[in-house]
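K.L.:
Here it is, the structure, as structure tokens.
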Amino acid sequence: MKVTTRNIDLFDCTYCGLMAEARDHVIPVSYEYASRKCATWDSTEVVPACSECNGLLSSRWMPTIRERAEFIAGRLKARYKKLLSIPDWSEAELKTMGRFLRKGITANLKKRDLVSARIEYAESTALMNISPEDCWDRTPSTYAA
Ligand SMILES: [Zn+2]
């Protein structure tokens, strides 16, 4: 399948598992361009990524998926430090709160759990020795086909 900006969302972010919105250059375009005078969309050099991970990585020189995933796990932990420190609330505690407050806390707990899951995903990706090409075969859409 040819990957375009229109079907990139069929893939999951290589680093955090969210829906992909962009292609991350494992070898950043800026370096690639300087050395080869060309920028490619080759699946051996780009991987699917969400916009946040793509932005965090920008043009950093980290030529392996392992290094990049490790970096993402660290950056997500730092960026969401406050959110990640929110304690769990019991059902009994939540019941003593007004509807508005309960709704706010529940929403933050959902966000916290999503960020935790993204960090776990990045950490597990960092443990695998995968190449950019492998990242295109990792998504649920491929398994479903
Ligand atoms: Zn991501």
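Chain labels run A, B, ... following the order of the structure tokens; each chain numbers its residues from 1, and ligands are numbered from 1 in the order shown.
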Can you work out which residues are within 12 Å of ligand 1, considering only C-alpha atoms and all ligand atoms, and then hand them over as a ChimeraX atom specification?
P.N.:
/A:9,11-24,47-57,68-69,71-73,75-76,114-115,117-122,125
K.L.:
Save out the residues we just selected, C-alpha atoms, as a CSV table (one decimal), in the first residue's frame.
P.N.:
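Contents of part-v7.csv, as written:
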chain,number,residue,atom,x,y,z
A,9,ASP,CA,-4.1,7.6,9.9
A,11,PHE,CA,-1.1,3.5,11.0
A,12,ASP,CA,-0.2,3.9,14.7
A,13,CYS,CA,2.5,6.2,15.9
A,14,THR,CA,5.7,4.2,16.1
A,15,TYR,CA,6.6,5.8,19.4
A,16,CYS,CA,3.4,6.1,21.5
A,17,GLY,CA,0.7,4.1,19.7
A,18,LEU,CA,-1.7,7.0,19.0
A,19,MET,CA,-3.1,7.4,15.5
A,20,ALA,CA,-0.4,8.6,13.1
A,21,GLU,CA,-0.7,12.0,11.6
A,22,ALA,CA,2.7,12.4,10.1
A,23,ARG,CA,5.8,10.6,8.8
A,24,ASP,CA,8.8,10.9,11.1
A,47,VAL,CA,8.0,5.8,10.1
A,48,PRO,CA,4.4,6.7,11.1
A,49,ALA,CA,4.2,9.2,14.0
A,50,CYS,CA,1.6,11.3,15.8
A,51,SER,CA,2.1,15.0,15.5
A,52,GLU,CA,3.2,15.4,19.1
A,53,CYS,CA,6.0,12.8,18.8
A,54,ASN,CA,7.0,14.1,15.4
A,55,GLY,CA,7.2,17.6,16.9
A,56,LEU,CA,9.2,16.4,20.0
A,57,LEU,CA,11.7,14.6,17.7
A,68,ARG,CA,14.0,7.8,19.4
A,69,ALA,CA,11.4,5.8,21.4
A,71,PHE,CA,13.7,9.9,24.0
A,72,ILE,CA,9.9,10.1,23.5
A,73,ALA,CA,9.3,8.1,26.7
A,75,ARG,CA,9.9,13.7,27.0
A,76,LEU,CA,6.4,12.5,27.6
A,114,LEU,CA,-3.7,7.7,28.1
A,115,VAL,CA,-0.4,9.4,28.7
A,117,ALA,CA,-0.2,4.0,28.1
A,118,ARG,CA,1.7,6.1,25.6
A,119,ILE,CA,4.8,6.1,27.8
A,120,GLU,CA,4.5,2.3,28.2
A,121,TYR,CA,4.2,1.9,24.5
A,122,ALA,CA,7.3,4.0,23.9
A,125,THR,CA,9.2,0.0,21.5
K.L.:
Among chain A, which residues does DSSP mark as alpha helix (DSSP H) when it is run on the backbone? Keep the chain and numbering as in the structure and answer as a VMD selection string.
P.N.:
chain A and resid 29 to 36 51 to 57 65 to 79 81 to 84 91 to 95 99 to 127 132 to 135 140 to 144
K.L.:
Output the selection as a PDB file, in the first residue's frame - C-alpha atoms for each residue.
P.N.:
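Output saved as result.pdb:
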ATOM      1  CA  VAL A  29      15.407  15.548   6.292  1.00  0.00           C
ATOM      2  CA  SER A  30      17.807  18.339   7.194  1.00  0.00           C
ATOM      3  CA  TYR A  31      20.727  15.905   7.518  1.00  0.00           C
ATOM      4  CA  GLU A  32      19.627  13.715   4.657  1.00  0.00           C
ATOM      5  CA  TYR A  33      19.252  16.695   2.410  1.00  0.00           C
ATOM      6  CA  ALA A  34      22.702  17.978   3.291  1.00  0.00           C
ATOM      7  CA  SER A  35      24.346  14.644   2.559  1.00  0.00           C
ATOM      8  CA  ARG A  36      22.397  13.507  -0.476  1.00  0.00           C
ATOM      9  CA  SER A  51       2.082  15.046  15.515  1.00  0.00           C
ATOM     10  CA  GLU A  52       3.243  15.379  19.137  1.00  0.00           C
ATOM     11  CA  CYS A  53       6.027  12.763  18.814  1.00  0.00           C
ATOM     12  CA  ASN A  54       6.972  14.122  15.420  1.00  0.00           C
ATOM     13  CA  GLY A  55       7.247  17.596  16.920  1.00  0.00           C
ATOM     14  CA  LEU A  56       9.228  16.415  19.955  1.00  0.00           C
ATOM     15  CA  LEU A  57      11.725  14.649  17.715  1.00  0.00           C
ATOM     16  CA  ILE A  65      13.952   3.663  16.491  1.00  0.00           C
ATOM     17  CA  ARG A  66      15.211   2.487  19.904  1.00  0.00           C
ATOM     18  CA  GLU A  67      16.909   5.828  20.674  1.00  0.00           C
ATOM     19  CA  ARG A  68      13.958   7.814  19.395  1.00  0.00           C
ATOM     20  CA  ALA A  69      11.415   5.802  21.415  1.00  0.00           C
ATOM     21  CA  GLU A  70      13.545   6.168  24.561  1.00  0.00           C
ATOM     22  CA  PHE A  71      13.707   9.912  23.976  1.00  0.00           C
ATOM     23  CA  ILE A  72       9.920  10.100  23.517  1.00  0.00           C
ATOM     24  CA  ALA A  73       9.254   8.140  26.732  1.00  0.00           C
ATOM     25  CA  GLY A  74      11.464  10.598  28.641  1.00  0.00           C
ATOM     26  CA  ARG A  75       9.941  13.678  27.041  1.00  0.00           C
ATOM     27  CA  LEU A  76       6.353  12.520  27.644  1.00  0.00           C
ATOM     28  CA  LYS A  77       7.184  11.835  31.312  1.00  0.00           C
ATOM     29  CA  ALA A  78       8.619  15.343  31.694  1.00  0.00           C
ATOM     30  CA  ARG A  79       5.891  17.112  29.746  1.00  0.00           C
ATOM     31  CA  LYS A  81       4.691  15.204  35.049  1.00  0.00           C
ATOM     32  CA  LYS A  82       1.841  17.044  36.782  1.00  0.00           C
ATOM     33  CA  LEU A  83      -0.886  15.015  35.072  1.00  0.00           C
ATOM     34  CA  LEU A  84       0.908  11.732  35.831  1.00  0.00           C
ATOM     35  CA  GLU A  91     -15.783   5.494  43.687  1.00  0.00           C
ATOM     36  CA  ALA A  92     -16.794   6.427  47.239  1.00  0.00           C
ATOM     37  CA  GLU A  93     -14.627   9.559  47.152  1.00  0.00           C
ATOM     38  CA  LEU A  94     -15.941  10.549  43.730  1.00  0.00           C
ATOM     39  CA  LYS A  95     -19.533  10.154  44.975  1.00  0.00           C
ATOM     40  CA  ARG A  99     -21.165  16.535  39.424  1.00  0.00           C
ATOM     41  CA  PHE A 100     -18.954  19.216  37.885  1.00  0.00           C
ATOM     42  CA  LEU A 101     -15.896  18.417  40.016  1.00  0.00           C
ATOM     43  CA  ARG A 102     -16.381  14.663  39.546  1.00  0.00           C
ATOM     44  CA  LYS A 103     -16.536  15.156  35.777  1.00  0.00           C
ATOM     45  CA  GLY A 104     -13.299  17.190  35.815  1.00  0.00           C
ATOM     46  CA  ILE A 105     -11.415  14.648  37.902  1.00  0.00           C
ATOM     47  CA  THR A 106     -12.669  11.727  35.828  1.00  0.00           C
ATOM     48  CA  ALA A 107     -11.566  13.492  32.621  1.00  0.00           C
ATOM     49  CA  ASN A 108      -8.083  14.118  34.051  1.00  0.00           C
ATOM     50  CA  LEU A 109      -7.781  10.496  35.163  1.00  0.00           C
ATOM     51  CA  LYS A 110      -8.599   9.404  31.612  1.00  0.00           C
ATOM     52  CA  LYS A 111      -5.941  11.757  30.221  1.00  0.00           C
ATOM     53  CA  ARG A 112      -3.438  10.497  32.793  1.00  0.00           C
ATOM     54  CA  ASP A 113      -4.142   6.865  31.845  1.00  0.00           C
ATOM     55  CA  LEU A 114      -3.745   7.670  28.139  1.00  0.00           C
ATOM     56  CA  VAL A 115      -0.379   9.355  28.728  1.00  0.00           C
ATOM     57  CA  SER A 116       0.745   6.397  30.890  1.00  0.00           C
ATOM     58  CA  ALA A 117      -0.225   3.992  28.122  1.00  0.00           C
ATOM     59  CA  ARG A 118       1.700   6.070  25.557  1.00  0.00           C
ATOM     60  CA  ILE A 119       4.808   6.053  27.762  1.00  0.00           C
ATOM     61  CA  GLU A 120       4.544   2.276  28.245  1.00  0.00           C
ATOM     62  CA  TYR A 121       4.201   1.865  24.481  1.00  0.00           C
ATOM     63  CA  ALA A 122       7.303   4.007  23.881  1.00  0.00           C
ATOM     64  CA  GLU A 123       9.264   2.071  26.502  1.00  0.00           C
ATOM     65  CA  SER A 124       8.310  -1.261  24.975  1.00  0.00           C
ATOM     66  CA  THR A 125       9.219   0.047  21.502  1.00  0.00           C
ATOM     67  CA  ALA A 126      12.602   1.088  22.906  1.00  0.00           C
ATOM     68  CA  LEU A 127      13.194  -2.502  24.023  1.00  0.00           C
ATOM     69  CA  PRO A 132      11.818   1.720  10.222  1.00  0.00           C
ATOM     70  CA  GLU A 133      10.438  -0.827   7.738  1.00  0.00           C
ATOM     71  CA  ASP A 134       9.044  -2.997  10.567  1.00  0.00           C
ATOM     72  CA  CYS A 135       7.061  -0.035  11.887  1.00  0.00           C
ATOM     73  CA  PRO A 140      -3.925  -3.031  13.763  1.00  0.00           C
ATOM     74  CA  SER A 141      -5.120  -2.113  10.273  1.00  0.00           C
ATOM     75  CA  THR A 142      -2.565  -4.539   8.872  1.00  0.00           C
ATOM     76  CA  TYR A 143      -3.688  -7.327  11.190  1.00  0.00           C
ATOM     77  CA  ALA A 144      -7.315  -6.755  10.289  1.00  0.00           C
TER      78      ALA A 144
END
K.L.:
From the DSSP assignment of the backbone, select every residue of chain A that is strand (DSSP E or B), and format the answer as a list of chain:residue names.
P.N.:
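In chain A, DSSP puts these residues in strand (DSSP E or B): A:Asp12, A:Met19, A:Ala22, A:Arg23, A:Asp24, A:His25, A:Val46, A:Val47, A:Pro48, A:Ala49.
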K.L.:
Expressed in Å to a single decimal, how great is the separation between atom CA of A:Ile27 and atom CA of A:Tyr80?
P.N.:
26.8 Å
